[in-house]
file query-v4.txt (compact mmCIF, C-alpha atoms)
# COMPACT_ATOMS: atom_id res chain seq x y z
CA MET A 1 17.10 -5.62 -5.17
CA PRO A 2 18.51 -2.51 -3.49
CA PRO A 3 18.09 0.84 -5.24
CA LEU A 4 20.78 2.07 -7.58
CA TRP A 5 21.95 5.60 -6.81
CA PHE A 6 23.21 8.14 -9.27
CA TRP A 7 23.69 11.87 -9.31
CA ASP A 8 21.82 13.97 -11.83
CA TYR A 9 23.16 17.49 -12.34
CA ASP A 10 20.69 20.15 -13.34
CA GLY A 11 22.89 21.24 -16.24
CA THR A 12 23.70 24.71 -14.87
CA GLU A 13 27.38 24.34 -14.17
CA GLY A 14 29.10 26.77 -11.85
CA ASN A 15 26.04 28.36 -10.26
CA GLY A 16 26.62 26.85 -6.82
CA SER A 17 23.52 24.65 -6.84
CA PHE A 18 23.73 21.16 -5.46
CA PRO A 19 22.99 18.19 -7.67
CA GLN A 20 19.77 16.30 -7.09
CA LEU A 21 19.91 12.76 -5.79
CA ASN A 22 17.77 10.44 -7.90
CA PHE A 23 16.89 6.85 -7.20
CA ALA A 24 16.63 4.49 -10.13
CA MET A 25 15.05 1.20 -9.15
CA ALA A 26 13.79 -1.66 -11.17
CA ARG A 27 10.07 -0.91 -11.17
CA LYS A 28 7.76 -3.74 -10.19
CA ARG A 29 5.66 -4.86 -13.14
CA ILE A 30 1.93 -5.30 -12.57
CA VAL A 31 -0.58 -6.72 -15.04
CA ILE A 32 -4.25 -5.75 -14.83
CA VAL A 33 -6.72 -8.00 -16.65
CA ASP A 34 -10.13 -6.32 -16.56
CA ASP A 35 -12.65 -5.51 -19.28
CA ASN A 36 -13.88 -2.40 -17.43
CA SER A 37 -11.68 0.17 -19.13
CA LEU A 38 -12.55 3.03 -16.76
CA LEU A 39 -11.72 1.00 -13.66
CA ALA A 40 -8.59 -0.50 -15.23
CA LYS A 41 -7.36 2.99 -16.20
CA ALA A 42 -8.04 4.33 -12.68
CA VAL A 43 -6.14 1.44 -11.09
CA GLU A 44 -3.33 1.88 -13.60
CA MET A 45 -3.02 5.59 -12.75
CA CYS A 46 -3.10 4.88 -9.01
CA LEU A 47 -0.34 2.28 -9.27
CA ASN A 48 1.74 4.34 -11.71
CA LYS A 49 1.74 7.20 -9.18
CA ARG A 50 3.16 4.75 -6.65
CA GLY A 51 6.05 3.88 -8.97
CA TYR A 52 4.82 0.66 -10.53
CA ASP A 53 5.06 -0.25 -14.22
CA VAL A 54 1.51 -1.27 -15.18
CA LYS A 55 0.28 -3.10 -18.26
CA VAL A 56 -3.48 -3.36 -18.88
CA PHE A 57 -5.29 -6.06 -20.85
CA TYR A 58 -9.03 -6.02 -21.47
CA LYS A 59 -9.26 -9.65 -22.58
CA GLY A 60 -7.83 -12.78 -20.99
CA ALA A 61 -6.47 -14.13 -24.27
CA ASP A 62 -4.47 -10.96 -24.84
CA ALA A 63 -2.92 -11.23 -21.39
CA VAL A 64 -1.91 -14.91 -21.57
CA LYS A 65 1.04 -14.51 -23.93
CA TYR A 66 2.42 -11.56 -21.97
CA LEU A 67 2.03 -13.36 -18.65
CA PHE A 68 4.15 -16.28 -19.77
CA GLU A 69 6.75 -14.39 -21.78
CA GLU A 70 7.31 -11.46 -19.43
CA LYS A 71 6.42 -12.92 -16.01
CA PRO A 72 5.22 -9.83 -14.16
CA ASP A 73 5.60 -9.29 -10.42
CA LEU A 74 1.84 -9.25 -9.77
CA VAL A 75 -1.45 -9.95 -11.56
CA LEU A 76 -4.74 -8.18 -10.83
CA LEU A 77 -7.45 -10.32 -12.42
CA ASN A 78 -11.16 -9.77 -12.93
CA ILE A 79 -13.35 -12.89 -13.00
CA ARG A 80 -15.82 -11.76 -15.66
CA LEU A 81 -13.99 -11.21 -18.92
CA PRO A 82 -15.52 -11.01 -22.42
CA ASP A 83 -13.49 -13.88 -23.89
CA CYS A 84 -12.75 -16.24 -21.00
CA ASP A 85 -13.51 -17.00 -17.39
CA GLY A 86 -11.05 -15.39 -14.98
CA TRP A 87 -11.14 -18.55 -12.85
CA PHE A 88 -9.86 -20.47 -15.88
CA LEU A 89 -7.00 -18.01 -16.29
CA ALA A 90 -6.16 -18.27 -12.57
CA LYS A 91 -6.12 -22.08 -12.79
CA LEU A 92 -3.87 -21.86 -15.84
CA LEU A 93 -1.39 -19.75 -13.87
CA ASN A 94 -1.40 -22.42 -11.16
CA LYS A 95 -0.97 -25.35 -13.54
CA LEU A 96 1.98 -23.73 -15.25
CA GLY A 97 3.71 -22.93 -11.97
CA LEU A 98 3.48 -19.15 -12.24
CA ALA A 99 1.23 -18.87 -9.19
CA GLU A 100 4.15 -19.78 -6.93
CA GLU A 101 6.23 -16.90 -8.25
CA VAL A 102 3.62 -14.29 -9.20
CA PRO A 103 1.02 -13.19 -6.65
CA LEU A 104 -2.56 -13.05 -7.91
CA ILE A 105 -5.15 -10.58 -6.64
CA ILE A 106 -8.67 -11.19 -7.86
CA ILE A 107 -10.89 -8.15 -8.24
CA SER A 108 -14.54 -8.86 -8.96
CA ALA A 109 -18.09 -7.65 -8.40
CA LEU A 110 -19.09 -11.27 -7.79
CA GLU A 111 -19.48 -12.77 -4.35
CA PRO A 112 -16.41 -14.85 -3.47
CA ASP A 113 -16.72 -18.53 -4.40
CA ARG A 114 -14.93 -20.29 -1.54
CA GLU A 115 -14.47 -23.53 -3.48
CA LYS A 116 -12.79 -21.77 -6.40
CA LEU A 117 -10.73 -19.58 -4.07
CA ALA A 118 -9.42 -22.71 -2.34
CA GLU A 119 -8.48 -24.14 -5.72
CA VAL A 120 -6.62 -21.12 -7.17
CA LYS A 121 -5.28 -19.70 -3.87
CA PRO A 122 -5.02 -16.02 -4.79
CA TYR A 123 -3.11 -13.63 -2.55
CA ALA A 124 -6.33 -11.67 -2.05
CA TYR A 125 -9.90 -11.35 -3.28
CA ILE A 126 -11.12 -7.76 -3.48
CA GLN A 127 -14.77 -7.18 -4.17
CA LYS A 128 -15.86 -4.26 -6.37
CA PRO A 129 -16.45 -1.48 -5.62
CA PHE A 130 -13.27 -1.03 -3.58
CA ASP A 131 -11.23 1.77 -2.09
CA MET A 132 -8.20 2.57 -4.25
CA ALA A 133 -5.96 3.22 -1.23
CA GLU A 134 -6.85 -0.19 0.23
CA LEU A 135 -6.09 -1.85 -3.10
CA ALA A 136 -2.71 -0.10 -3.17
CA GLN A 137 -1.94 -1.40 0.34
CA VAL A 138 -2.80 -4.98 -0.65
CA VAL A 139 -0.65 -4.62 -3.78
CA GLU A 140 2.30 -3.38 -1.71
CA ARG A 141 1.97 -6.21 0.82
CA SER A 142 1.82 -8.82 -1.93
CA LEU A 143 4.93 -7.45 -3.61
CA VAL A 144 7.03 -7.52 -0.45
CA GLY A 145 6.11 -11.16 0.05
CA GLU A 146 3.80 -10.72 3.03
CA ARG A 147 1.54 -13.74 2.77
CA GLN A 148 -2.10 -13.68 3.75
CA PRO A 149 -5.05 -15.95 3.06
CA ALA A 150 -7.55 -14.72 0.47
CA ALA A 151 -10.56 -12.96 1.94
CA GLY A 152 -13.95 -14.38 1.34
call {"tool": "encode", "arguments": {"input": "query-v4.txt", "output": "structure tokens"}}
result
Amino acid sequence: MPPLWFWDYDGTEGNGSFPQLNFAMARKRIVIVDDNSLLAKAVEMCLNKRGYDVKVFYKGADAVKYLFEEKPDLVLLNIRLPDCDGWFLAKLLNKLGLAEEVPLIIISALEPDREKLAEVKPYAYIQKPFDMAELAQVVERSLVGERQPAAG
């Protein structure tokens, strides 16, 4: 969707200043599902600064309803969650057809399980700890539709 343009005047009429040009775009919606609140908050802040609308869930069950009702543009999913297995959640996204429309990036401290990766086919697998700038690049590539096989 192309950006929508509008002019926003600074409210000081008649002083000879030029209006500012603002861009209002539909912000891409990203869901983070991770029980590590410090990491989730850091990722949220990083992505917010880049113009994304980010929603954080610390439990898989809390995220499920939102994922199906709101259909975000991207999901960042941890494998170890307190209430469910992240692999189960990834498989659920596949079975319900959301995986075709919503890219999935798995973020985990675990070593990649090639068999499970082949089954859920995430856009990427990023192992913790990771560089925030690299994560942001992978997020951007996934949102513009640039396909890549999951690392592992």
call {"tool": "closest_residue", "arguments": {"input": "query-v4.txt", "among": "A:Asp34, A:Val43, A:Asn94, A:Lys71", "to": "Phe130 (chain A)", "atoms": "all atoms listed in the file"}}
result
A:Val43
call {"tool": "closest_atom_pairs", "arguments": {"input": "query-v4.txt", "of": "region 24-91 of chain A", "to": "region 121-124 of chain A", "cutoff": "12 Å", "atoms": "only C-alpha atoms", "output": "JSON lines"}}
result
{"residue": "A:Leu74", "atom": "CA", "partner": "A:Tyr123", "partner_atom": "CA", "distance": 9.8}
{"residue": "A:Val75", "atom": "CA", "partner": "A:Pro122", "partner_atom": "CA", "distance": 9.8}
{"residue": "A:Leu76", "atom": "CA", "partner": "A:Ala124", "partner_atom": "CA", "distance": 9.6}
{"residue": "A:Leu77", "atom": "CA", "partner": "A:Pro122", "partner_atom": "CA", "distance": 9.8}
{"residue": "A:Asn78", "atom": "CA", "partner": "A:Pro122", "partner_atom": "CA", "distance": 12.0}
{"residue": "A:Gly86", "atom": "CA", "partner": "A:Pro122", "partner_atom": "CA", "distance": 11.9}
{"residue": "A:Trp87", "atom": "CA", "partner": "A:Pro122", "partner_atom": "CA", "distance": 10.4}
{"residue": "A:Leu89", "atom": "CA", "partner": "A:Pro122", "partner_atom": "CA", "distance": 11.8}
{"residue": "A:Ala90", "atom": "CA", "partner": "A:Pro122", "partner_atom": "CA", "distance": 8.2}
{"residue": "A:Lys91", "atom": "CA", "partner": "A:Lys121", "partner_atom": "CA", "distance": 9.3}
call {"tool": "closest_residue", "arguments": {"input": "query-v4.txt", "among": "A:Leu67, A:Pro72, A:Asn36, A:Cys46", "to": "Leu92 (chain A)", "atoms": "all atoms listed in the file"}}
result
A:Leu67
call {"tool": "atom_distance", "arguments": {"input": "query-v4.txt", "atom1": "CA of Asp73 (chain A)", "atom2": "CA of Leu143 (chain A)"}}
result
7.1 Å
call {"tool": "closest_residue", "arguments": {"input": "query-v4.txt", "among": "A:Ala42, A:Ile126, A:Val139, A:Ala109", "to": "Val56 (chain A)", "atoms": "all atoms listed in the file"}}
result
A:Ala42
call {"tool": "atom_distance", "arguments": {"input": "query-v4.txt", "atom1": "CA of Pro103 (chain A)", "atom2": "CA of Ala40 (chain A)"}}
result
18.1 Å
call {"tool": "closest_residue", "arguments": {"input": "query-v4.txt", "among": "A:Val64, A:Val31, A:Ile106, A:Leu39", "to": "Tyr52 (chain A)", "atoms": "all atoms listed in the file"}}
result
A:Val31
call {"tool": "atom_distance", "arguments": {"input": "query-v4.txt", "atom1": "CA of Met132 (chain A)", "atom2": "CA of Glu101 (chain A)"}}
result
24.6 Å
call {"tool": "residues_around", "arguments": {"input": "query-v4.txt", "residues": "Arg141 (chain A)", "least_positions_apart": "3", "cutoff": "12 Å", "atoms": "all atoms listed in the file", "output": "number ranges by chain"}}
result
A: 74, 103-105, 123-124, 134-138, 144-148
call {"tool": "residues_around", "arguments": {"input": "query-v4.txt", "residues": "region 80-85 of chain A", "least_positions_apart": "5", "cutoff": "8 Å", "atoms": "only C-alpha atoms", "output": "VMD selection string"}}
result
chain A and resid 34 to 35 58 to 61 108
call {"tool": "write_last_selection", "arguments": {"input": "query-v4.txt", "atoms": "C-alpha atoms", "output": "mmCIF file, in the coordinates of the input"}}
result
data_model
loop_
_atom_site.group_PDB
_atom_site.id
_atom_site.type_symbol
_atom_site.label_atom_id
_atom_site.label_comp_id
_atom_site.auth_asym_id
_atom_site.auth_seq_id
_atom_site.Cartn_x
_atom_site.Cartn_y
_atom_site.Cartn_z
ATOM 1 C CA ASP A 34 -10.130 -6.320 -16.560
ATOM 2 C CA ASP A 35 -12.650 -5.510 -19.280
ATOM 3 C CA TYR A 58 -9.030 -6.020 -21.470
ATOM 4 C CA LYS A 59 -9.260 -9.650 -22.580
ATOM 5 C CA GLY A 60 -7.830 -12.780 -20.990
ATOM 6 C CA ALA A 61 -6.470 -14.130 -24.270
ATOM 7 C CA SER A 108 -14.540 -8.860 -8.960
#
call {"tool": "closest_residue", "arguments": {"input": "query-v4.txt", "among": "A:Ala118, A:Ile79, A:Ala99, A:Ala133", "to": "Ile32 (chain A)", "atoms": "all atoms listed in the file"}}
result
A:Ile79
call {"tool": "closest_residue", "arguments": {"input": "query-v4.txt", "among": "A:Val54, A:Leu110, A:Val120, A:Ala63", "to": "Lys28 (chain A)", "atoms": "only C-alpha atoms"}}
result
A:Val54
call {"tool": "decode", "arguments": {"input": "query-v4.txt", "residues": "region 44-90 of chain A", "atoms": "N, CA and C atoms", "output": "PDB file, in the first residue's frame"}}
result
ATOM      1  N   GLU A  44      10.546  -5.090  21.185  1.00  0.00           N
ATOM      2  CA  GLU A  44       9.411  -4.200  20.941  1.00  0.00           C
ATOM      3  C   GLU A  44       9.888  -2.769  20.728  1.00  0.00           C
ATOM      4  N   MET A  45      10.769  -2.276  21.571  1.00  0.00           N
ATOM      5  CA  MET A  45      11.283  -0.911  21.443  1.00  0.00           C
ATOM      6  C   MET A  45      12.055  -0.730  20.138  1.00  0.00           C
ATOM      7  N   CYS A  46      12.872  -1.702  19.794  1.00  0.00           N
ATOM      8  CA  CYS A  46      13.649  -1.646  18.554  1.00  0.00           C
ATOM      9  C   CYS A  46      12.728  -1.554  17.338  1.00  0.00           C
ATOM     10  N   LEU A  47      11.695  -2.373  17.321  1.00  0.00           N
ATOM     11  CA  LEU A  47      10.775  -2.394  16.174  1.00  0.00           C
ATOM     12  C   LEU A  47       9.850  -1.188  16.165  1.00  0.00           C
ATOM     13  N   ASN A  48       9.454  -0.706  17.338  1.00  0.00           N
ATOM     14  CA  ASN A  48       8.645   0.523  17.410  1.00  0.00           C
ATOM     15  C   ASN A  48       9.412   1.701  16.817  1.00  0.00           C
ATOM     16  N   LYS A  49      10.703   1.796  17.119  1.00  0.00           N
ATOM     17  CA  LYS A  49      11.533   2.879  16.585  1.00  0.00           C
ATOM     18  C   LYS A  49      11.617   2.822  15.064  1.00  0.00           C
ATOM     19  N   ARG A  50      11.425   1.657  14.509  1.00  0.00           N
ATOM     20  CA  ARG A  50      11.468   1.491  13.056  1.00  0.00           C
ATOM     21  C   ARG A  50      10.085   1.638  12.419  1.00  0.00           C
ATOM     22  N   GLY A  51       9.097   2.028  13.224  1.00  0.00           N
ATOM     23  CA  GLY A  51       7.776   2.334  12.690  1.00  0.00           C
ATOM     24  C   GLY A  51       6.771   1.202  12.701  1.00  0.00           C
ATOM     25  N   TYR A  52       7.082   0.108  13.372  1.00  0.00           N
ATOM     26  CA  TYR A  52       6.154  -1.014  13.421  1.00  0.00           C
ATOM     27  C   TYR A  52       5.240  -0.919  14.640  1.00  0.00           C
ATOM     28  N   ASP A  53       4.047  -1.455  14.513  1.00  0.00           N
ATOM     29  CA  ASP A  53       3.096  -1.567  15.608  1.00  0.00           C
ATOM     30  C   ASP A  53       3.306  -2.951  16.214  1.00  0.00           C
ATOM     31  N   VAL A  54       3.756  -3.009  17.467  1.00  0.00           N
ATOM     32  CA  VAL A  54       4.164  -4.273  18.071  1.00  0.00           C
ATOM     33  C   VAL A  54       3.267  -4.620  19.244  1.00  0.00           C
ATOM     34  N   LYS A  55       2.848  -5.867  19.282  1.00  0.00           N
ATOM     35  CA  LYS A  55       2.043  -6.406  20.381  1.00  0.00           C
ATOM     36  C   LYS A  55       2.826  -7.564  20.985  1.00  0.00           C
ATOM     37  N   VAL A  56       2.992  -7.571  22.311  1.00  0.00           N
ATOM     38  CA  VAL A  56       3.773  -8.598  22.994  1.00  0.00           C
ATOM     39  C   VAL A  56       2.862  -9.494  23.823  1.00  0.00           C
ATOM     40  N   PHE A  57       3.109 -10.797  23.716  1.00  0.00           N
ATOM     41  CA  PHE A  57       2.430 -11.787  24.547  1.00  0.00           C
ATOM     42  C   PHE A  57       3.500 -12.641  25.215  1.00  0.00           C
ATOM     43  N   TYR A  58       3.293 -12.939  26.497  1.00  0.00           N
ATOM     44  CA  TYR A  58       4.270 -13.714  27.250  1.00  0.00           C
ATOM     45  C   TYR A  58       3.885 -15.184  27.354  1.00  0.00           C
ATOM     46  N   LYS A  59       2.681 -15.509  26.915  1.00  0.00           N
ATOM     47  CA  LYS A  59       2.205 -16.891  26.911  1.00  0.00           C
ATOM     48  C   LYS A  59       1.571 -17.192  25.556  1.00  0.00           C
ATOM     49  N   GLY A  60       1.756 -18.421  25.100  1.00  0.00           N
ATOM     50  CA  GLY A  60       1.203 -18.833  23.813  1.00  0.00           C
ATOM     51  C   GLY A  60      -0.305 -18.744  23.768  1.00  0.00           C
ATOM     52  N   ALA A  61      -0.959 -19.172  24.849  1.00  0.00           N
ATOM     53  CA  ALA A  61      -2.425 -19.181  24.883  1.00  0.00           C
ATOM     54  C   ALA A  61      -2.990 -17.772  24.742  1.00  0.00           C
ATOM     55  N   ASP A  62      -2.306 -16.794  25.320  1.00  0.00           N
ATOM     56  CA  ASP A  62      -2.771 -15.413  25.213  1.00  0.00           C
ATOM     57  C   ASP A  62      -2.650 -14.893  23.778  1.00  0.00           C
ATOM     58  N   ALA A  63      -1.652 -15.383  23.068  1.00  0.00           N
ATOM     59  CA  ALA A  63      -1.412 -14.914  21.701  1.00  0.00           C
ATOM     60  C   ALA A  63      -2.359 -15.532  20.684  1.00  0.00           C
ATOM     61  N   VAL A  64      -2.824 -16.751  20.935  1.00  0.00           N
ATOM     62  CA  VAL A  64      -3.600 -17.498  19.937  1.00  0.00           C
ATOM     63  C   VAL A  64      -4.826 -16.730  19.473  1.00  0.00           C
ATOM     64  N   LYS A  65      -5.627 -16.245  20.381  1.00  0.00           N
ATOM     65  CA  LYS A  65      -6.851 -15.542  20.005  1.00  0.00           C
ATOM     66  C   LYS A  65      -6.536 -14.314  19.148  1.00  0.00           C
ATOM     67  N   TYR A  66      -5.552 -13.544  19.555  1.00  0.00           N
ATOM     68  CA  TYR A  66      -5.167 -12.355  18.805  1.00  0.00           C
ATOM     69  C   TYR A  66      -4.694 -12.721  17.402  1.00  0.00           C
ATOM     70  N   LEU A  67      -3.877 -13.767  17.305  1.00  0.00           N
ATOM     71  CA  LEU A  67      -3.333 -14.176  16.013  1.00  0.00           C
ATOM     72  C   LEU A  67      -4.428 -14.492  15.002  1.00  0.00           C
ATOM     73  N   PHE A  68      -5.482 -15.108  15.453  1.00  0.00           N
ATOM     74  CA  PHE A  68      -6.544 -15.506  14.527  1.00  0.00           C
ATOM     75  C   PHE A  68      -7.578 -14.427  14.291  1.00  0.00           C
ATOM     76  N   GLU A  69      -7.782 -13.562  15.262  1.00  0.00           N
ATOM     77  CA  GLU A  69      -8.754 -12.484  15.076  1.00  0.00           C
ATOM     78  C   GLU A  69      -8.154 -11.292  14.336  1.00  0.00           C
ATOM     79  N   GLU A  70      -6.914 -10.962  14.624  1.00  0.00           N
ATOM     80  CA  GLU A  70      -6.308  -9.755  14.082  1.00  0.00           C
ATOM     81  C   GLU A  70      -5.400  -9.990  12.886  1.00  0.00           C
ATOM     82  N   LYS A  71      -4.904 -11.191  12.712  1.00  0.00           N
ATOM     83  CA  LYS A  71      -3.977 -11.556  11.640  1.00  0.00           C
ATOM     84  C   LYS A  71      -2.893 -10.505  11.430  1.00  0.00           C
ATOM     85  N   PRO A  72      -1.836 -10.579  12.240  1.00  0.00           N
ATOM     86  CA  PRO A  72      -0.745  -9.610  12.112  1.00  0.00           C
ATOM     87  C   PRO A  72       0.036  -9.815  10.812  1.00  0.00           C
ATOM     88  N   ASP A  73       0.998  -8.957  10.578  1.00  0.00           N
ATOM     89  CA  ASP A  73       1.833  -9.051   9.386  1.00  0.00           C
ATOM     90  C   ASP A  73       3.045  -9.950   9.592  1.00  0.00           C
ATOM     91  N   LEU A  74       3.396 -10.211  10.858  1.00  0.00           N
ATOM     92  CA  LEU A  74       4.572 -11.017  11.184  1.00  0.00           C
ATOM     93  C   LEU A  74       4.455 -11.532  12.613  1.00  0.00           C
ATOM     94  N   VAL A  75       4.983 -12.736  12.847  1.00  0.00           N
ATOM     95  CA  VAL A  75       5.025 -13.299  14.200  1.00  0.00           C
ATOM     96  C   VAL A  75       6.471 -13.644  14.536  1.00  0.00           C
ATOM     97  N   LEU A  76       6.938 -13.151  15.687  1.00  0.00           N
ATOM     98  CA  LEU A  76       8.217 -13.551  16.264  1.00  0.00           C
ATOM     99  C   LEU A  76       7.887 -14.486  17.416  1.00  0.00           C
ATOM    100  N   LEU A  77       8.336 -15.723  17.339  1.00  0.00           N
ATOM    101  CA  LEU A  77       7.898 -16.760  18.281  1.00  0.00           C
ATOM    102  C   LEU A  77       9.077 -17.435  18.963  1.00  0.00           C
ATOM    103  N   ASN A  78       9.033 -17.474  20.284  1.00  0.00           N
ATOM    104  CA  ASN A  78       9.995 -18.241  21.066  1.00  0.00           C
ATOM    105  C   ASN A  78       9.496 -19.686  21.153  1.00  0.00           C
ATOM    106  N   ILE A  79      10.413 -20.631  21.246  1.00  0.00           N
ATOM    107  CA  ILE A  79      10.028 -22.041  21.328  1.00  0.00           C
ATOM    108  C   ILE A  79       9.651 -22.434  22.746  1.00  0.00           C
ATOM    109  N   ARG A  80      10.412 -21.966  23.721  1.00  0.00           N
ATOM    110  CA  ARG A  80      10.118 -22.314  25.121  1.00  0.00           C
ATOM    111  C   ARG A  80       9.182 -21.270  25.712  1.00  0.00           C
ATOM    112  N   LEU A  81       7.965 -21.682  25.953  1.00  0.00           N
ATOM    113  CA  LEU A  81       6.971 -20.807  26.568  1.00  0.00           C
ATOM    114  C   LEU A  81       6.454 -21.490  27.823  1.00  0.00           C
ATOM    115  N   PRO A  82       5.960 -20.743  28.808  1.00  0.00           N
ATOM    116  CA  PRO A  82       5.542 -21.356  30.068  1.00  0.00           C
ATOM    117  C   PRO A  82       4.289 -22.234  29.954  1.00  0.00           C
ATOM    118  N   ASP A  83       3.443 -21.962  28.972  1.00  0.00           N
ATOM    119  CA  ASP A  83       2.171 -22.680  28.904  1.00  0.00           C
ATOM    120  C   ASP A  83       2.027 -23.609  27.702  1.00  0.00           C
ATOM    121  N   CYS A  84       2.894 -23.479  26.712  1.00  0.00           N
ATOM    122  CA  CYS A  84       2.794 -24.368  25.557  1.00  0.00           C
ATOM    123  C   CYS A  84       4.121 -24.394  24.816  1.00  0.00           C
ATOM    124  N   ASP A  85       4.264 -25.361  23.964  1.00  0.00           N
ATOM    125  CA  ASP A  85       5.455 -25.504  23.145  1.00  0.00           C
ATOM    126  C   ASP A  85       5.310 -24.598  21.923  1.00  0.00           C
ATOM    127  N   GLY A  86       6.327 -23.782  21.660  1.00  0.00           N
ATOM    128  CA  GLY A  86       6.284 -22.899  20.504  1.00  0.00           C
ATOM    129  C   GLY A  86       6.152 -23.656  19.190  1.00  0.00           C
ATOM    130  N   TRP A  87       6.721 -24.869  19.127  1.00  0.00           N
ATOM    131  CA  TRP A  87       6.569 -25.687  17.913  1.00  0.00           C
ATOM    132  C   TRP A  87       5.099 -26.004  17.684  1.00  0.00           C
ATOM    133  N   PHE A  88       4.368 -26.281  18.774  1.00  0.00           N
ATOM    134  CA  PHE A  88       2.931 -26.560  18.656  1.00  0.00           C
ATOM    135  C   PHE A  88       2.201 -25.352  18.082  1.00  0.00           C
ATOM    136  N   LEU A  89       2.535 -24.172  18.580  1.00  0.00           N
ATOM    137  CA  LEU A  89       1.902 -22.948  18.095  1.00  0.00           C
ATOM    138  C   LEU A  89       2.229 -22.719  16.616  1.00  0.00           C
ATOM    139  N   ALA A  90       3.474 -22.973  16.226  1.00  0.00           N
ATOM    140  CA  ALA A  90       3.874 -22.828  14.821  1.00  0.00           C
ATOM    141  C   ALA A  90       3.106 -23.807  13.930  1.00  0.00           C
TER     142      ALA A  90
END
